[in-house]
Amino acid sequence: MKLLSIVVIVVVVEVFEIAALHGNPFDVIRGCKQYDKVEPYDAALTYFPTTSLLHVGQTENSKYFKIAILGPNDGHIRFGNSLYPYDKYVIEIVLGGWVNTKSVGRHQYRKASNANNNSLLVEAQTPNVMSQFQPIMFVLEVFNNGTVQVSIDGQDHPFLSFNDSKRIPANYMAFTKWDNDLIYFYDCPLEDVNGSHDSLLLNCTVV
């Protein structure tokens, strides 16, 4: 019986060590707000003011946000300078588009009739950047000089970086989808919102 107890204790300890080693992939969304009523791509989206968010990172030259997405492909983030950005330009970032093979940044101009025109700014091959099995946490950083960067949280280098000559600010933001349902997690806690975040400005080729 004593030997059996020792074996059970060893097994329990090993299980806890394995759990601690692998962690829970859903821990990344702890403290985030959930946005699961995601409207289709051409719907009249509801933008929210980023001033209403509790967790917005600030540096001397930029503003940054942590946003996680759960879904197989085509995460779309739009931001601009108006609550109702019709007959105006916004930035649209597509993550894991084209069957989760590439990501793009572009200008979008949407008319009052809801017809839109997209102008490509940058394109990057990003195979499997999205996942339908676990939320992927992205960091979106918008610089005062027009540079926009997207990275995976915890990685040093952005996988998407481009320059917005219009310098559209991230004052209002919205999420949408293409062909599959998605869940967004936003207003996620930051390690430090007071400027210790190390921004990495990269030179990029604008398309």
# chains A, B, ... in the order shown; residues from 1 in each chain; ligands from 1
>>> select_by_dssp(residues="chain A", states="strand (DSSP E)", output="ChimeraX atom specification")
/A:33-35,48-49,57-58,62-71,75-80,88-96,102-110,116-125,131-143,147-152,160-163,172-176,183-186
>>> residues_around(residues="segment 77-91 of chain A", least_positions_apart="3", cutoff="8 Å", atoms="only C-alpha atoms", output="short mmCIF file (atom, residue, chain, number, x, y, z; two decimals) with N, CA and C atoms, in the first residue's frame")
data_model
loop_
_atom_site.label_atom_id
_atom_site.label_comp_id
_atom_site.auth_asym_id
_atom_site.auth_seq_id
_atom_site.Cartn_x
_atom_site.Cartn_y
_atom_site.Cartn_z
N THR A 46 -20.10 48.25 -36.55
CA THR A 46 -20.14 49.12 -35.39
C THR A 46 -18.71 49.38 -34.91
N TYR A 47 -18.24 50.60 -35.09
CA TYR A 47 -16.91 50.99 -34.62
C TYR A 47 -17.02 51.43 -33.15
N PHE A 48 -15.97 51.20 -32.40
CA PHE A 48 -15.95 51.67 -31.02
C PHE A 48 -14.75 52.59 -30.83
N PRO A 49 -14.88 53.59 -29.97
CA PRO A 49 -13.75 54.50 -29.73
C PRO A 49 -12.67 53.80 -28.92
N VAL A 94 -5.78 42.48 -42.90
CA VAL A 94 -6.32 41.13 -43.08
C VAL A 94 -5.26 40.14 -42.58
N GLY A 105 -1.99 44.65 -45.50
CA GLY A 105 -2.43 45.93 -44.97
C GLY A 105 -2.87 46.78 -46.15
N ARG A 106 -3.96 47.52 -46.00
CA ARG A 106 -4.45 48.30 -47.13
C ARG A 106 -5.32 49.47 -46.67
N HIS A 107 -5.45 50.44 -47.55
CA HIS A 107 -6.42 51.51 -47.38
C HIS A 107 -7.77 51.00 -47.88
N GLN A 108 -8.81 51.34 -47.16
CA GLN A 108 -10.15 51.07 -47.66
C GLN A 108 -10.95 52.36 -47.65
N TYR A 109 -11.62 52.61 -48.77
CA TYR A 109 -12.52 53.76 -48.88
C TYR A 109 -13.92 53.20 -49.10
N ARG A 110 -14.81 53.45 -48.16
CA ARG A 110 -16.16 52.91 -48.24
C ARG A 110 -17.15 54.07 -48.40
N LYS A 111 -17.93 54.00 -49.47
CA LYS A 111 -18.88 55.06 -49.76
C LYS A 111 -20.13 54.93 -48.89
N ALA A 112 -20.95 55.97 -48.89
CA ALA A 112 -22.20 55.94 -48.13
C ALA A 112 -23.11 54.83 -48.62
N ASN A 114 -22.13 51.97 -49.27
CA ASN A 114 -21.43 50.79 -48.74
C ASN A 114 -20.54 50.11 -49.77
N ILE A 168 -3.51 57.65 -40.84
CA ILE A 168 -4.84 57.47 -40.25
C ILE A 168 -4.67 57.00 -38.80
N PRO A 169 -5.25 57.71 -37.86
CA PRO A 169 -5.07 57.32 -36.45
C PRO A 169 -6.03 56.19 -36.06
N ALA A 170 -5.64 55.45 -35.03
CA ALA A 170 -6.49 54.36 -34.53
C ALA A 170 -7.42 54.89 -33.45
N ASN A 171 -8.27 55.85 -33.83
CA ASN A 171 -9.20 56.44 -32.86
C ASN A 171 -10.48 55.62 -32.72
N TYR A 172 -10.83 54.92 -33.79
CA TYR A 172 -12.01 54.05 -33.78
C TYR A 172 -11.63 52.73 -34.44
N MET A 173 -12.22 51.64 -33.96
CA MET A 173 -11.82 50.32 -34.43
C MET A 173 -13.04 49.43 -34.61
N ALA A 174 -12.93 48.48 -35.54
CA ALA A 174 -14.00 47.51 -35.78
C ALA A 174 -13.39 46.20 -36.25
N PHE A 175 -14.16 45.12 -36.09
CA PHE A 175 -13.74 43.79 -36.51
C PHE A 175 -14.79 43.21 -37.45
N THR A 176 -14.33 42.42 -38.39
CA THR A 176 -15.26 41.76 -39.30
C THR A 176 -14.68 40.42 -39.73
#
>>> atom_distance(atom1="atom CA of Val38 of chain A", atom2="atom CA of Tyr184 of chain A")
8.1 Å
>>> closest_residue(among="A:Gly57, A:Pro158, A:Pro40, A:Pro135", to="Asn24 of chain A", atoms="only C-alpha atoms")
A:Pro135
>>> closest_residue(among="A:Tyr41, A:Val142, A:Pro25, A:Gly31", to="Ala115 of chain A", atoms="only C-alpha atoms")
A:Tyr41
>>> atom_distance(atom1="atom CA of Leu95 of chain A", atom2="atom CA of Gly23 of chain A")
24.9 Å
>>> decode(residues="segment 24-36 of chain A", atoms="all heavy atoms", output="compact mmCIF listing (two decimals), in the first residue's frame")
# COMPACT_ATOMS: atom_id res chain seq x y z
N ASN A 24 -1.95 26.49 -20.76
CA ASN A 24 -3.25 26.50 -21.41
C ASN A 24 -3.23 27.59 -22.47
O ASN A 24 -3.05 28.76 -22.16
CB ASN A 24 -4.34 26.78 -20.37
CG ASN A 24 -5.73 26.68 -20.94
OD1 ASN A 24 -5.92 26.81 -22.15
ND2 ASN A 24 -6.71 26.46 -20.08
N PRO A 25 -3.41 27.23 -23.75
CA PRO A 25 -3.34 28.24 -24.81
C PRO A 25 -4.39 29.33 -24.68
O PRO A 25 -4.26 30.39 -25.28
CB PRO A 25 -3.53 27.42 -26.09
CG PRO A 25 -4.20 26.16 -25.66
CD PRO A 25 -3.68 25.89 -24.28
N PHE A 26 -5.44 29.07 -23.89
CA PHE A 26 -6.48 30.07 -23.70
C PHE A 26 -6.14 31.06 -22.59
O PHE A 26 -6.88 32.02 -22.36
CB PHE A 26 -7.83 29.39 -23.44
CG PHE A 26 -8.46 28.84 -24.69
CD1 PHE A 26 -8.07 27.60 -25.19
CD2 PHE A 26 -9.42 29.55 -25.39
CE1 PHE A 26 -8.63 27.08 -26.34
CE2 PHE A 26 -9.99 29.05 -26.55
CZ PHE A 26 -9.59 27.81 -27.04
N ASP A 27 -5.03 30.85 -21.90
CA ASP A 27 -4.60 31.80 -20.87
C ASP A 27 -4.30 33.17 -21.46
O ASP A 27 -4.37 34.18 -20.75
CB ASP A 27 -3.36 31.28 -20.14
CG ASP A 27 -3.70 30.19 -19.13
OD1 ASP A 27 -4.89 30.02 -18.80
OD2 ASP A 27 -2.77 29.48 -18.69
N VAL A 28 -3.96 33.22 -22.75
CA VAL A 28 -3.59 34.50 -23.37
C VAL A 28 -4.74 35.49 -23.40
O VAL A 28 -4.52 36.70 -23.51
CB VAL A 28 -3.03 34.31 -24.80
CG1 VAL A 28 -1.79 33.47 -24.79
CG2 VAL A 28 -4.09 33.72 -25.73
N ILE A 29 -5.98 34.99 -23.30
CA ILE A 29 -7.14 35.90 -23.39
C ILE A 29 -7.68 36.27 -22.02
O ILE A 29 -8.73 36.91 -21.93
CB ILE A 29 -8.26 35.29 -24.26
CG1 ILE A 29 -8.76 33.97 -23.67
CG2 ILE A 29 -7.77 35.12 -25.70
CD1 ILE A 29 -9.98 33.42 -24.38
N ARG A 30 -6.96 35.88 -20.97
CA ARG A 30 -7.42 36.22 -19.62
C ARG A 30 -7.47 37.73 -19.45
O ARG A 30 -6.50 38.44 -19.70
CB ARG A 30 -6.46 35.62 -18.60
CG ARG A 30 -6.98 35.71 -17.15
CD ARG A 30 -5.95 35.15 -16.18
NE ARG A 30 -5.62 33.77 -16.49
CZ ARG A 30 -6.32 32.73 -16.05
NH1 ARG A 30 -7.39 32.92 -15.32
NH2 ARG A 30 -5.94 31.49 -16.37
N GLY A 31 -8.62 38.24 -19.04
CA GLY A 31 -8.78 39.67 -18.83
C GLY A 31 -9.23 40.44 -20.05
O GLY A 31 -9.48 41.65 -19.97
N CYS A 32 -9.34 39.77 -21.21
CA CYS A 32 -9.77 40.45 -22.44
C CYS A 32 -11.30 40.54 -22.49
O CYS A 32 -12.02 39.76 -21.86
CB CYS A 32 -9.31 39.67 -23.67
SG CYS A 32 -7.53 39.45 -23.84
N LYS A 33 -11.80 41.47 -23.29
CA LYS A 33 -13.21 41.51 -23.64
C LYS A 33 -13.44 40.61 -24.85
O LYS A 33 -12.56 40.50 -25.71
CB LYS A 33 -13.64 42.94 -23.96
CG LYS A 33 -13.58 43.88 -22.76
CD LYS A 33 -13.94 45.30 -23.17
CE LYS A 33 -13.81 46.25 -21.99
NZ LYS A 33 -14.05 47.66 -22.39
N GLN A 34 -14.61 40.00 -24.92
CA GLN A 34 -14.90 39.08 -26.02
C GLN A 34 -15.88 39.71 -26.99
O GLN A 34 -16.89 40.29 -26.59
CB GLN A 34 -15.49 37.77 -25.47
CG GLN A 34 -15.77 36.73 -26.54
CD GLN A 34 -16.12 35.38 -25.95
OE1 GLN A 34 -15.54 34.96 -24.95
NE2 GLN A 34 -17.07 34.70 -26.57
N TYR A 35 -15.58 39.58 -28.28
CA TYR A 35 -16.41 40.13 -29.35
C TYR A 35 -16.74 38.98 -30.28
O TYR A 35 -15.93 38.60 -31.12
CB TYR A 35 -15.63 41.23 -30.09
CG TYR A 35 -16.43 42.06 -31.06
CD1 TYR A 35 -16.92 43.31 -30.70
CD2 TYR A 35 -16.67 41.61 -32.36
CE1 TYR A 35 -17.63 44.09 -31.59
CE2 TYR A 35 -17.39 42.39 -33.25
CZ TYR A 35 -17.87 43.62 -32.86
OH TYR A 35 -18.59 44.38 -33.75
N ASP A 36 -17.94 38.39 -30.10
CA ASP A 36 -18.26 37.20 -30.87
C ASP A 36 -19.42 37.36 -31.85
O ASP A 36 -19.72 36.46 -32.61
CB ASP A 36 -18.52 36.00 -29.95
CG ASP A 36 -19.55 36.30 -28.88
OD1 ASP A 36 -20.14 37.40 -28.91
OD2 ASP A 36 -19.77 35.43 -28.01
